[in-house]
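S.K.: Dropping in coords.cif, with mmCIF, C-alpha atoms.
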```cif
data_work
#
loop_
_atom_site.label_atom_id
_atom_site.label_comp_id
_atom_site.auth_asym_id
_atom_site.auth_seq_id
_atom_site.Cartn_x
_atom_site.Cartn_y
_atom_site.Cartn_z
CA MET A 1 0.00 0.00 0.00
CA LYS A 2 1.67 3.15 -1.23
CA THR A 3 -0.84 5.72 0.01
CA MET A 4 -2.99 6.23 3.06
CA ARG A 5 -5.71 7.93 1.02
CA THR A 6 -8.92 5.97 0.56
CA PRO A 7 -10.26 5.63 -3.00
CA LEU A 8 -13.20 7.89 -2.14
CA LYS A 9 -10.85 10.58 -0.83
CA LYS A 10 -8.86 10.37 -4.06
CA VAL A 11 -11.97 10.74 -6.17
CA ARG A 12 -13.25 13.73 -4.20
CA TYR A 13 -9.80 15.33 -3.94
CA LEU A 14 -11.00 17.98 -1.51
CA GLY A 15 -8.11 17.95 0.96
CA SER A 16 -8.32 18.40 4.72
CA ALA A 17 -10.39 21.58 4.54
CA LYS A 18 -13.00 19.70 2.46
CA GLU A 19 -13.16 22.60 0.02
CA GLY A 20 -10.58 21.62 -2.57
CA THR A 21 -9.90 24.49 -4.97
CA ASP A 22 -13.28 26.10 -4.29
CA HIS A 23 -11.88 29.36 -2.89
CA PHE A 24 -9.28 29.69 -5.65
CA TRP A 25 -11.76 28.92 -8.40
CA LYS A 26 -14.47 31.32 -7.18
CA GLN A 27 -11.83 34.03 -6.87
CA ARG A 28 -10.82 33.51 -10.51
CA VAL A 29 -14.36 33.23 -11.90
CA THR A 30 -15.43 36.47 -10.18
CA ALA A 31 -12.14 38.08 -11.27
CA VAL A 32 -12.93 37.37 -14.93
CA ALA A 33 -16.43 38.79 -14.47
CA ASN A 34 -15.04 41.83 -12.65
CA VAL A 35 -12.78 42.75 -15.57
CA PHE A 36 -15.84 43.34 -17.75
CA LEU A 37 -18.15 44.65 -15.03
CA GLY A 38 -15.43 46.97 -13.68
CA VAL A 39 -14.94 48.51 -17.11
CA PHE A 40 -18.72 48.91 -17.27
CA LEU A 41 -18.76 50.71 -13.89
CA VAL A 42 -16.01 53.12 -14.97
CA TRP A 43 -17.93 53.85 -18.20
CA LEU A 44 -21.19 54.31 -16.28
CA ILE A 45 -19.76 56.75 -13.74
CA ALA A 46 -17.77 58.65 -16.36
CA SER A 47 -20.89 59.05 -18.50
CA LEU A 48 -22.90 60.38 -15.54
CA ILE A 49 -20.46 63.00 -14.28
CA GLY A 50 -22.15 66.37 -14.28
CA ALA A 51 -25.52 64.89 -15.28
CA ASP A 52 -28.59 66.11 -13.39
CA TYR A 53 -30.58 63.86 -11.08
CA ILE A 54 -33.34 63.04 -13.57
CA ALA A 55 -30.78 61.83 -16.12
CA VAL A 56 -28.88 59.79 -13.52
CA ARG A 57 -32.07 58.18 -12.26
CA HIS A 58 -33.27 57.45 -15.77
CA LYS A 59 -29.99 55.80 -16.73
CA LEU A 60 -29.66 53.72 -13.55
CA ALA A 61 -33.23 52.50 -13.98
CA HIS A 62 -32.61 51.20 -17.50
CA PRO A 63 -33.03 47.39 -17.37
CA LEU A 64 -29.67 46.59 -18.98
CA ILE A 65 -27.78 49.04 -16.75
CA ALA A 66 -29.57 47.72 -13.66
CA LEU A 67 -28.84 44.09 -14.61
CA ALA A 68 -25.16 44.84 -15.18
CA LEU A 69 -25.03 46.70 -11.85
CA LEU A 70 -26.61 43.74 -10.03
CA ALA A 71 -24.11 41.37 -11.67
CA LEU A 72 -21.27 43.67 -10.64
CA ILE A 73 -22.50 43.90 -7.05
CA LEU A 74 -22.81 40.10 -6.81
CA SER A 75 -19.44 39.34 -8.41
CA ALA A 76 -17.51 42.13 -6.68
CA THR A 77 -18.77 41.44 -3.17
CA ILE A 78 -18.01 37.70 -3.48
CA HIS A 79 -14.56 38.53 -4.86
CA MET A 80 -13.72 41.08 -2.17
CA ARG A 81 -14.93 38.80 0.62
CA LEU A 82 -12.69 35.97 -0.61
CA GLY A 83 -9.74 38.35 -0.99
CA MET A 84 -10.11 39.86 2.47
CA GLN A 85 -10.50 36.35 3.91
CA THR A 86 -7.06 35.49 2.53
CA ILE A 87 -5.55 38.67 3.98
CA ILE A 88 -7.07 37.94 7.41
CA GLU A 89 -5.88 34.33 7.36
CA ASP A 90 -2.39 35.49 6.42
CA TYR A 91 -1.99 38.09 9.16
CA VAL A 92 -4.37 37.25 12.03
CA HIS A 93 -3.10 34.10 13.69
CA ALA A 94 -4.85 34.08 17.09
CA GLU A 95 -7.96 31.93 16.82
CA GLY A 96 -10.42 34.31 18.53
CA PRO A 97 -9.57 37.55 16.70
CA LYS A 98 -9.35 35.58 13.43
CA LEU A 99 -12.90 34.25 13.82
CA VAL A 100 -14.19 37.72 14.69
CA ALA A 101 -12.39 39.26 11.71
CA LEU A 102 -13.71 36.59 9.34
CA MET A 103 -17.26 37.19 10.58
CA LEU A 104 -16.93 40.97 10.24
CA ASN A 105 -15.62 40.38 6.71
CA THR A 106 -18.74 38.41 5.80
CA PHE A 107 -21.02 40.98 7.43
CA PHE A 108 -19.33 43.86 5.59
CA ALA A 109 -19.55 42.12 2.20
CA ILE A 110 -23.22 41.31 2.74
CA PHE A 111 -23.92 44.86 3.94
CA ILE A 112 -22.40 46.31 0.76
CA ALA A 113 -24.22 43.76 -1.41
CA LEU A 114 -27.66 44.22 0.17
CA SER A 115 -27.59 48.01 0.37
CA SER A 116 -26.39 48.32 -3.25
CA VAL A 117 -28.89 45.76 -4.56
CA PHE A 118 -31.68 47.50 -2.66
CA ALA A 119 -30.72 50.87 -4.15
CA VAL A 120 -30.64 49.48 -7.71
CA LEU A 121 -33.99 47.72 -7.28
CA LYS A 122 -35.58 50.84 -5.80
CA LEU A 123 -34.34 52.90 -8.74
CA SER A 124 -35.68 50.29 -11.16
CA PHE A 125 -39.08 49.66 -9.64
CA GLY A 126 -39.78 53.24 -8.62
CA ALA A 127 -41.31 54.52 -5.37
CA MET B 1 2.82 27.71 17.49
CA GLU B 2 6.23 28.08 19.16
CA ALA B 3 8.81 25.34 18.68
CA THR B 4 10.11 23.94 21.96
CA SER B 5 12.87 21.53 22.83
CA GLY B 6 10.40 19.34 24.67
CA ARG B 7 11.28 20.65 28.15
CA GLY B 8 9.56 23.99 27.74
CA VAL B 9 12.76 25.79 26.79
CA ARG B 10 12.68 27.56 23.44
CA PRO B 11 15.97 27.11 21.61
CA GLU B 12 17.44 30.09 19.76
CA ARG B 13 17.36 28.80 16.22
CA PRO B 14 18.49 30.92 13.29
CA LEU B 15 15.62 32.24 11.18
CA SER B 16 15.64 32.19 7.43
CA PRO B 17 16.02 35.64 5.89
CA HIS B 18 12.70 37.43 5.42
CA LEU B 19 11.35 40.42 3.52
CA GLN B 20 13.36 43.16 5.19
CA ILE B 21 16.70 41.65 4.18
CA TYR B 22 16.07 41.72 0.43
CA SER B 23 16.30 44.81 -1.72
CA PRO B 24 12.88 45.35 -3.32
CA LEU B 25 12.35 43.90 -6.77
CA VAL B 26 9.57 45.18 -8.99
CA ASN B 27 7.79 41.83 -8.82
CA MET B 28 7.73 41.93 -5.01
CA VAL B 29 6.44 45.49 -5.02
CA MET B 30 3.69 44.72 -7.54
CA SER B 31 2.71 41.65 -5.52
CA ILE B 32 2.12 43.63 -2.33
CA MET B 33 0.56 46.46 -4.35
CA HIS B 34 -2.00 43.97 -5.66
CA ARG B 35 -2.97 43.12 -2.11
CA ILE B 36 -2.99 46.75 -0.94
CA THR B 37 -5.09 47.90 -3.90
CA GLY B 38 -7.44 44.97 -3.28
CA ALA B 39 -7.90 46.04 0.33
CA ALA B 40 -8.42 49.65 -0.78
CA LEU B 41 -11.13 48.56 -3.23
CA TYR B 42 -12.71 46.53 -0.43
CA PHE B 43 -13.32 49.70 1.59
CA GLY B 44 -13.82 51.75 -1.57
CA SER B 45 -16.92 49.66 -2.25
CA LEU B 46 -18.53 51.85 0.45
CA LEU B 47 -18.29 54.80 -1.96
CA VAL B 48 -20.09 52.95 -4.77
CA ALA B 49 -22.79 51.74 -2.37
CA TRP B 50 -23.12 55.29 -0.99
CA TRP B 51 -23.48 56.70 -4.51
CA LEU B 52 -26.18 54.16 -5.43
CA ILE B 53 -28.08 54.75 -2.20
CA ALA B 54 -27.87 58.51 -2.74
CA ALA B 55 -29.39 58.09 -6.20
CA ALA B 56 -32.14 55.91 -4.74
CA THR B 57 -32.83 58.38 -1.91
CA GLY B 58 -33.79 61.45 -3.91
CA PRO B 59 -32.59 64.55 -5.78
CA ASP B 60 -31.56 66.57 -2.70
CA TYR B 61 -29.35 63.92 -1.19
CA TYR B 62 -27.95 62.88 -4.59
CA ASN B 63 -27.00 66.47 -5.40
CA TYR B 64 -25.38 66.81 -1.98
CA VAL B 65 -23.29 63.65 -2.48
CA SER B 66 -22.24 64.55 -6.01
CA SER B 67 -21.27 68.04 -4.82
CA LEU B 68 -18.95 66.36 -2.29
CA PHE B 69 -17.35 64.27 -5.05
CA ALA B 70 -16.96 67.43 -7.13
CA THR B 71 -14.76 69.16 -4.51
CA TRP B 72 -10.97 68.96 -4.85
CA PRO B 73 -10.58 66.38 -2.05
CA GLY B 74 -13.45 64.43 -3.62
CA LYS B 75 -11.75 64.49 -7.02
CA VAL B 76 -8.46 63.34 -5.49
CA VAL B 77 -10.29 60.39 -3.92
CA LEU B 78 -11.93 59.52 -7.26
CA LEU B 79 -8.62 59.84 -9.11
CA GLY B 80 -6.99 57.55 -6.55
CA TYR B 81 -9.93 55.15 -6.79
CA THR B 82 -9.56 55.03 -10.58
CA TRP B 83 -5.85 54.22 -10.40
CA VAL B 84 -6.33 51.62 -7.66
CA LEU B 85 -9.09 49.92 -9.66
CA MET B 86 -7.01 49.93 -12.85
CA HIS B 87 -3.92 48.66 -11.04
CA HIS B 88 -5.80 45.80 -9.40
CA MET B 89 -7.48 44.95 -12.70
CA VAL B 90 -4.27 44.89 -14.74
CA GLY B 91 -2.55 42.99 -11.91
CA GLY B 92 -5.37 40.48 -12.11
CA LEU B 93 -4.84 40.07 -15.87
CA ARG B 94 -1.16 39.38 -15.13
CA HIS B 95 -2.24 36.70 -12.66
CA PHE B 96 -4.45 35.14 -15.35
CA ILE B 97 -1.34 34.74 -17.51
CA TRP B 98 0.53 33.12 -14.61
CA ASP B 99 -2.50 30.89 -13.90
CA THR B 100 -1.95 29.25 -17.28
CA GLY B 101 1.55 28.25 -16.17
CA HIS B 102 3.26 30.66 -18.56
CA GLY B 103 5.25 33.85 -18.07
CA TYR B 104 7.56 32.72 -15.27
CA GLY B 105 10.85 33.60 -16.96
CA LEU B 106 12.77 36.25 -15.00
CA LYS B 107 12.74 38.69 -17.91
CA THR B 108 9.02 38.07 -18.52
CA ILE B 109 8.20 38.60 -14.85
CA ASP B 110 10.00 41.97 -14.91
CA ILE B 111 8.22 43.01 -18.10
CA LEU B 112 4.81 41.97 -16.76
CA SER B 113 5.40 43.77 -13.45
CA TRP B 114 6.60 47.04 -14.99
CA GLY B 115 3.86 46.65 -17.60
CA THR B 116 1.24 46.48 -14.84
CA LEU B 117 2.39 49.81 -13.44
CA ALA B 118 2.63 51.45 -16.87
CA ALA B 119 -0.78 50.16 -17.94
CA SER B 120 -2.49 51.28 -14.73
CA PHE B 121 -1.15 54.85 -15.10
CA THR B 122 -1.98 54.93 -18.80
CA LEU B 123 -5.55 53.68 -18.34
CA THR B 124 -6.13 56.16 -15.48
CA ALA B 125 -4.88 58.99 -17.67
CA ILE B 126 -7.10 57.91 -20.58
CA ILE B 127 -10.20 57.69 -18.36
CA TRP B 128 -9.63 61.13 -16.83
CA ALA B 129 -8.78 62.68 -20.19
CA PHE B 130 -12.04 61.26 -21.54
CA VAL B 131 -13.98 62.68 -18.59
CA ALA B 132 -12.26 66.07 -18.81
CA LEU B 133 -12.75 66.40 -22.56
CA GLY B 134 -16.03 64.79 -23.45
CA GLY B 135 -17.69 63.09 -20.53
CA ALA B 136 -18.47 66.10 -18.39
#
```
As structure tokens, please, write out the structure in this file.
M.R.:
Amino acid sequence: MKTMRTPLKKVRYLGSAKEGTDHFWKQRVTAVANVFLGVFLVWLIASLIGADYIAVRHKLAHPLIALALLALILSATIHMRLGMQTIIEDYVHAEGPKLVALMLNTFFAIFIALSSVFAVLKLSFGA
Amino acid sequence: MEATSGRGVRPERPLSPHLQIYSPLVNMVMSIMHRITGAALYFGSLLVAWWLIAAATGPDYYNYVSSLFATWPGKVVLLGYTWVLMHHMVGGLRHFIWDTGHGYGLKTIDILSWGTLAASFTLTAIIWAFVALGGA
């Protein structure tokens, strides 16, 4: 017997954290999306500089703009949460503070995501 | 976790040389810049969320927020935000190249690292030139 790994473990190939390359892969997938959505955001903001409120509201409420914004919010907040998780795990070694920091990271990402999504939806659906 | 000799006494072992002993190479600097710009964008997301919420709140609050961004300190923040975003984006593209297993030659690494810096400044300049000339 050359290895202590069971056949099932070899097939799953998830390692001791049981996540395999999940973190890495999600970081890359959202990174690819962010390249396009980030360029979109720069274009959007640049095109709205100096515009009056009616024009801004009208543009942000356009279905395609709103959809792209929602995609950006989703992709960017997942990406930034994963990135900050890596930074925390690299520099915060004590178990307690690390857990707290990781939780705050999740809360912050969700706060940004929810508040931005809510704003886009409110602009789209009126009221 | 501290290494011990087994009797609770920590032996004075030599440490391998770490960051502060090396003179900075462009690749090292771009590596840490990628992390720093990522962290900056993390907190910068507050500005985008704030802007969207302002637009969703109403004309008075939106005009107030955009007037803040239009001040000189506001513009400096936006200029910095633009460069940080471009730098992290171009740095990410460089990582995509490395993800394929290519571009690890010493010369190539130097070119990619300097290229990241050059591209981020160039893109920032193009964006702000566009805004100054036609966008506004």
S.K.: Give me the residues near Thr37 (chain B) as a count of residues only, where near means some atom within 7 Å (using all atoms listed in the file) and where sequence neighbours in that chain fewer than 3 positions away do not count.
M.R.: 6
S.K.: Counting all atoms listed in the file, collect the residues of chain A whose closest atom lies at most 7 Å from chain B, and write them out as a list in words.
M.R.: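 Within 7 Å of chain B on chain A, we get Val35, Ala46, Ser47, Ile49, Gly50, Tyr53, Arg57, Met80, Met84, Ile112, Ser115, Ser116, Ala119, Val120, Lys122 and Leu123 of chain A.
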S.K.: Kindly save the residues from that selection, with C-alpha atoms included, as a PDB file, keeping the file's coordinate frame.
M.R.:
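Printed below is selection.pdb as written:
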```
ATOM      1  CA  VAL A  35     -12.780  42.750 -15.570  1.00  0.00           C
ATOM      2  CA  ALA A  46     -17.770  58.650 -16.360  1.00  0.00           C
ATOM      3  CA  SER A  47     -20.890  59.050 -18.500  1.00  0.00           C
ATOM      4  CA  ILE A  49     -20.460  63.000 -14.280  1.00  0.00           C
ATOM      5  CA  GLY A  50     -22.150  66.370 -14.280  1.00  0.00           C
ATOM      6  CA  TYR A  53     -30.580  63.860 -11.080  1.00  0.00           C
ATOM      7  CA  ARG A  57     -32.070  58.180 -12.260  1.00  0.00           C
ATOM      8  CA  MET A  80     -13.720  41.080  -2.170  1.00  0.00           C
ATOM      9  CA  MET A  84     -10.110  39.860   2.470  1.00  0.00           C
ATOM     10  CA  ILE A 112     -22.400  46.310   0.760  1.00  0.00           C
ATOM     11  CA  SER A 115     -27.590  48.010   0.370  1.00  0.00           C
ATOM     12  CA  SER A 116     -26.390  48.320  -3.250  1.00  0.00           C
ATOM     13  CA  ALA A 119     -30.720  50.870  -4.150  1.00  0.00           C
ATOM     14  CA  VAL A 120     -30.640  49.480  -7.710  1.00  0.00           C
ATOM     15  CA  LYS A 122     -35.580  50.840  -5.800  1.00  0.00           C
ATOM     16  CA  LEU A 123     -34.340  52.900  -8.740  1.00  0.00           C
TER      17      LEU A 123
END
```
S.K.: Considering all atoms listed in the file, state which residue in the set A:Ala94, A:Leu72, A:Leu67, A:Leu102 is at the smallest distance from Leu121 (chain A).
M.R.: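 Between A:Ala94, A:Leu72, A:Leu67, A:Leu102, the residue approaching Leu121 (chain A) most closely is A:Leu67.
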S.K.: Around (-9.2, 35.1, -9.4), as given in the file, which residues come within 12 Å? Count all atoms listed in the file and list them as a PyMOL selection string.
M.R.: (chain A and resi 21-35+75-76+78-80+82-83) or (chain B and resi 38+88-89+91-99)
S.K.: Next, dump the selected residues to file, keeping only C-alpha atoms, as a PDB file, in the coordinates of the input.
M.R.:
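Result file follows (result_14.pdb):
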```pdb
ATOM      1  CA  THR A  21      -9.900  24.490  -4.970  1.00  0.00           C
ATOM      2  CA  ASP A  22     -13.280  26.100  -4.290  1.00  0.00           C
ATOM      3  CA  HIS A  23     -11.880  29.360  -2.890  1.00  0.00           C
ATOM      4  CA  PHE A  24      -9.280  29.690  -5.650  1.00  0.00           C
ATOM      5  CA  TRP A  25     -11.760  28.920  -8.400  1.00  0.00           C
ATOM      6  CA  LYS A  26     -14.470  31.320  -7.180  1.00  0.00           C
ATOM      7  CA  GLN A  27     -11.830  34.030  -6.870  1.00  0.00           C
ATOM      8  CA  ARG A  28     -10.820  33.510 -10.510  1.00  0.00           C
ATOM      9  CA  VAL A  29     -14.360  33.230 -11.900  1.00  0.00           C
ATOM     10  CA  THR A  30     -15.430  36.470 -10.180  1.00  0.00           C
ATOM     11  CA  ALA A  31     -12.140  38.080 -11.270  1.00  0.00           C
ATOM     12  CA  VAL A  32     -12.930  37.370 -14.930  1.00  0.00           C
ATOM     13  CA  ALA A  33     -16.430  38.790 -14.470  1.00  0.00           C
ATOM     14  CA  ASN A  34     -15.040  41.830 -12.650  1.00  0.00           C
ATOM     15  CA  VAL A  35     -12.780  42.750 -15.570  1.00  0.00           C
ATOM     16  CA  SER A  75     -19.440  39.340  -8.410  1.00  0.00           C
ATOM     17  CA  ALA A  76     -17.510  42.130  -6.680  1.00  0.00           C
ATOM     18  CA  ILE A  78     -18.010  37.700  -3.480  1.00  0.00           C
ATOM     19  CA  HIS A  79     -14.560  38.530  -4.860  1.00  0.00           C
ATOM     20  CA  MET A  80     -13.720  41.080  -2.170  1.00  0.00           C
ATOM     21  CA  LEU A  82     -12.690  35.970  -0.610  1.00  0.00           C
ATOM     22  CA  GLY A  83      -9.740  38.350  -0.990  1.00  0.00           C
TER      23      GLY A  83
ATOM     24  CA  GLY B  38      -7.440  44.970  -3.280  1.00  0.00           C
ATOM     25  CA  HIS B  88      -5.800  45.800  -9.400  1.00  0.00           C
ATOM     26  CA  MET B  89      -7.480  44.950 -12.700  1.00  0.00           C
ATOM     27  CA  GLY B  91      -2.550  42.990 -11.910  1.00  0.00           C
ATOM     28  CA  GLY B  92      -5.370  40.480 -12.110  1.00  0.00           C
ATOM     29  CA  LEU B  93      -4.840  40.070 -15.870  1.00  0.00           C
ATOM     30  CA  ARG B  94      -1.160  39.380 -15.130  1.00  0.00           C
ATOM     31  CA  HIS B  95      -2.240  36.700 -12.660  1.00  0.00           C
ATOM     32  CA  PHE B  96      -4.450  35.140 -15.350  1.00  0.00           C
ATOM     33  CA  ILE B  97      -1.340  34.740 -17.510  1.00  0.00           C
ATOM     34  CA  TRP B  98       0.530  33.120 -14.610  1.00  0.00           C
ATOM     35  CA  ASP B  99      -2.500  30.890 -13.900  1.00  0.00           C
TER      36      ASP B  99
END
```
S.K.: Just to confirm, what's the straight-line distance from CA of Val76 (chain B) to CA of Leu25 (chain B) in Å (one decimal)?
M.R.: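 Calculated distance between CA of Val76 (chain B) and CA of Leu25 (chain B) is 28.5 Å.
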S.K.: Mind working out the centre and edge lengths of an axis-aligned box for region 115-123 of chain A, all listed atoms inside, 5 Å added to each side, rounded to one decimal in Å and written as JSON?
M.R.:
```
{"center_x": -31.0, "center_y": 49.3, "center_z": -4.2, "size_x": 19.2, "size_y": 17.1, "size_z": 19.1}
```
S.K.: Using the chain letters and numbers from the file, give me the residues hit by the PyMOL selection byres ((chain B and resi 109) around 12), as a compact mmCIF listing (two decimals) with C-alpha atoms, in the coordinates of the input.
M.R.:
```
# COMPACT_ATOMS: atom_id res chain seq x y z
CA LEU B 25 12.35 43.90 -6.77
CA VAL B 26 9.57 45.18 -8.99
CA ASN B 27 7.79 41.83 -8.82
CA MET B 28 7.73 41.93 -5.01
CA MET B 30 3.69 44.72 -7.54
CA SER B 31 2.71 41.65 -5.52
CA GLY B 91 -2.55 42.99 -11.91
CA ARG B 94 -1.16 39.38 -15.13
CA HIS B 95 -2.24 36.70 -12.66
CA ILE B 97 -1.34 34.74 -17.51
CA TRP B 98 0.53 33.12 -14.61
CA HIS B 102 3.26 30.66 -18.56
CA GLY B 103 5.25 33.85 -18.07
CA TYR B 104 7.56 32.72 -15.27
CA GLY B 105 10.85 33.60 -16.96
CA LEU B 106 12.77 36.25 -15.00
CA LYS B 107 12.74 38.69 -17.91
CA THR B 108 9.02 38.07 -18.52
CA ASP B 110 10.00 41.97 -14.91
CA ILE B 111 8.22 43.01 -18.10
CA LEU B 112 4.81 41.97 -16.76
CA SER B 113 5.40 43.77 -13.45
CA TRP B 114 6.60 47.04 -14.99
CA GLY B 115 3.86 46.65 -17.60
CA THR B 116 1.24 46.48 -14.84
```
S.K.: Can you list, as JSON, numbers by chain, every protein, DNA or RNA residue that comes within 12 Å of Leu104 (chain A) when you count all atoms listed in the file, leaving out same-chain residues fewer than 6 positions away?
M.R.: {"A": [81, 84, 85, 88, 97, 98, 110, 111]}
S.K.: Dump C-alpha atoms for the selected residues as a PDB file, keeping the file's coordinate frame?
M.R.:
```pdb
ATOM      1  CA  ARG A  81     -14.930  38.800   0.620  1.00  0.00           C
ATOM      2  CA  MET A  84     -10.110  39.860   2.470  1.00  0.00           C
ATOM      3  CA  GLN A  85     -10.500  36.350   3.910  1.00  0.00           C
ATOM      4  CA  ILE A  88      -7.070  37.940   7.410  1.00  0.00           C
ATOM      5  CA  PRO A  97      -9.570  37.550  16.700  1.00  0.00           C
ATOM      6  CA  LYS A  98      -9.350  35.580  13.430  1.00  0.00           C
ATOM      7  CA  ILE A 110     -23.220  41.310   2.740  1.00  0.00           C
ATOM      8  CA  PHE A 111     -23.920  44.860   3.940  1.00  0.00           C
TER       9      PHE A 111
END
```
S.K.: Contacts of Trp83 (chain B) at 8 Å or less, counting all atoms listed in the file, minus same-chain residues fewer than 3 places along, as an NGL selection string?
M.R.: :B and (79-80 or 86-87 or 120-121 or 123-124)
S.K.: Save out the residues we just selected, C-alpha atoms, as a PDB file, in the frame of the given file.
M.R.:
```pdb
ATOM      1  CA  LEU B  79      -8.620  59.840  -9.110  1.00  0.00           C
ATOM      2  CA  GLY B  80      -6.990  57.550  -6.550  1.00  0.00           C
ATOM      3  CA  MET B  86      -7.010  49.930 -12.850  1.00  0.00           C
ATOM      4  CA  HIS B  87      -3.920  48.660 -11.040  1.00  0.00           C
ATOM      5  CA  SER B 120      -2.490  51.280 -14.730  1.00  0.00           C
ATOM      6  CA  PHE B 121      -1.150  54.850 -15.100  1.00  0.00           C
ATOM      7  CA  LEU B 123      -5.550  53.680 -18.340  1.00  0.00           C
ATOM      8  CA  THR B 124      -6.130  56.160 -15.480  1.00  0.00           C
TER       9      THR B 124
END
```
S.K.: From the options B:Gly74, B:Ile126, B:Tyr64, B:Pro11, which residue's atoms come nearest to Asp52 (chain A), counting all atoms listed in the file?
M.R.: B:Tyr64
S.K.: Would you work out the distance separating CA of Val77 (chain B) from CA of Leu69 (chain A), expressed in Å to one decimal?
M.R.: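 Taking CA of Val77 (chain B) as the start and CA of Leu69 (chain A) as the end point, the length is 21.6 Å.
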S.K.: Calculated over all atoms listed in the file, which of the candidates B:Leu78, B:Ile32, B:Leu15, B:Ala118 has the smallest distance to Ile87 (chain A)?
M.R.: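 Once distances to Ile87 (chain A) are computed over all atoms listed in the file, the minimum belongs to B:Ile32.
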S.K.: For Leu48 (chain A), which of A:Ala101, A:Ile73, A:Leu60, A:Ala109 is the closest residue, counting only C-alpha atoms?
M.R.: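 For Leu48 (chain A), the nearest of the given residues is A:Leu60.
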S.K.: Record the distance separating CA of Leu37 (chain A) and CA of Ala125 (chain B), expressed in Å with one decimal.
M.R.: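 Rounded to one decimal, the two atoms are 19.7 Å apart.
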S.K.: So that I can look at just that part, could you write region 52-82 of chain B with C-alpha atoms, as a PDB file, in the first residue's frame?
M.R.:
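Output file selection-v3.pdb is given in full below:
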```pdb
ATOM      1  CA  LEU B  52     -26.184  54.158  -5.433  1.00  0.00           C
ATOM      2  CA  ILE B  53     -28.081  54.754  -2.196  1.00  0.00           C
ATOM      3  CA  ALA B  54     -27.867  58.509  -2.739  1.00  0.00           C
ATOM      4  CA  ALA B  55     -29.390  58.087  -6.201  1.00  0.00           C
ATOM      5  CA  ALA B  56     -32.137  55.912  -4.735  1.00  0.00           C
ATOM      6  CA  THR B  57     -32.834  58.375  -1.910  1.00  0.00           C
ATOM      7  CA  GLY B  58     -33.790  61.446  -3.909  1.00  0.00           C
ATOM      8  CA  PRO B  59     -32.590  64.550  -5.778  1.00  0.00           C
ATOM      9  CA  ASP B  60     -31.561  66.572  -2.705  1.00  0.00           C
ATOM     10  CA  TYR B  61     -29.354  63.923  -1.188  1.00  0.00           C
ATOM     11  CA  TYR B  62     -27.953  62.876  -4.590  1.00  0.00           C
ATOM     12  CA  ASN B  63     -27.000  66.468  -5.400  1.00  0.00           C
ATOM     13  CA  TYR B  64     -25.384  66.813  -1.977  1.00  0.00           C
ATOM     14  CA  VAL B  65     -23.290  63.647  -2.480  1.00  0.00           C
ATOM     15  CA  SER B  66     -22.242  64.552  -6.011  1.00  0.00           C
ATOM     16  CA  SER B  67     -21.275  68.036  -4.817  1.00  0.00           C
ATOM     17  CA  LEU B  68     -18.954  66.360  -2.288  1.00  0.00           C
ATOM     18  CA  PHE B  69     -17.352  64.266  -5.046  1.00  0.00           C
ATOM     19  CA  ALA B  70     -16.957  67.431  -7.131  1.00  0.00           C
ATOM     20  CA  THR B  71     -14.765  69.165  -4.507  1.00  0.00           C
ATOM     21  CA  TRP B  72     -10.974  68.961  -4.850  1.00  0.00           C
ATOM     22  CA  PRO B  73     -10.582  66.375  -2.048  1.00  0.00           C
ATOM     23  CA  GLY B  74     -13.446  64.432  -3.623  1.00  0.00           C
ATOM     24  CA  LYS B  75     -11.753  64.487  -7.017  1.00  0.00           C
ATOM     25  CA  VAL B  76      -8.465  63.336  -5.493  1.00  0.00           C
ATOM     26  CA  VAL B  77     -10.286  60.395  -3.923  1.00  0.00           C
ATOM     27  CA  LEU B  78     -11.931  59.524  -7.259  1.00  0.00           C
ATOM     28  CA  LEU B  79      -8.622  59.841  -9.113  1.00  0.00           C
ATOM     29  CA  GLY B  80      -6.987  57.548  -6.546  1.00  0.00           C
ATOM     30  CA  TYR B  81      -9.927  55.151  -6.794  1.00  0.00           C
ATOM     31  CA  THR B  82      -9.558  55.031 -10.579  1.00  0.00           C
TER      32      THR B  82
END
```
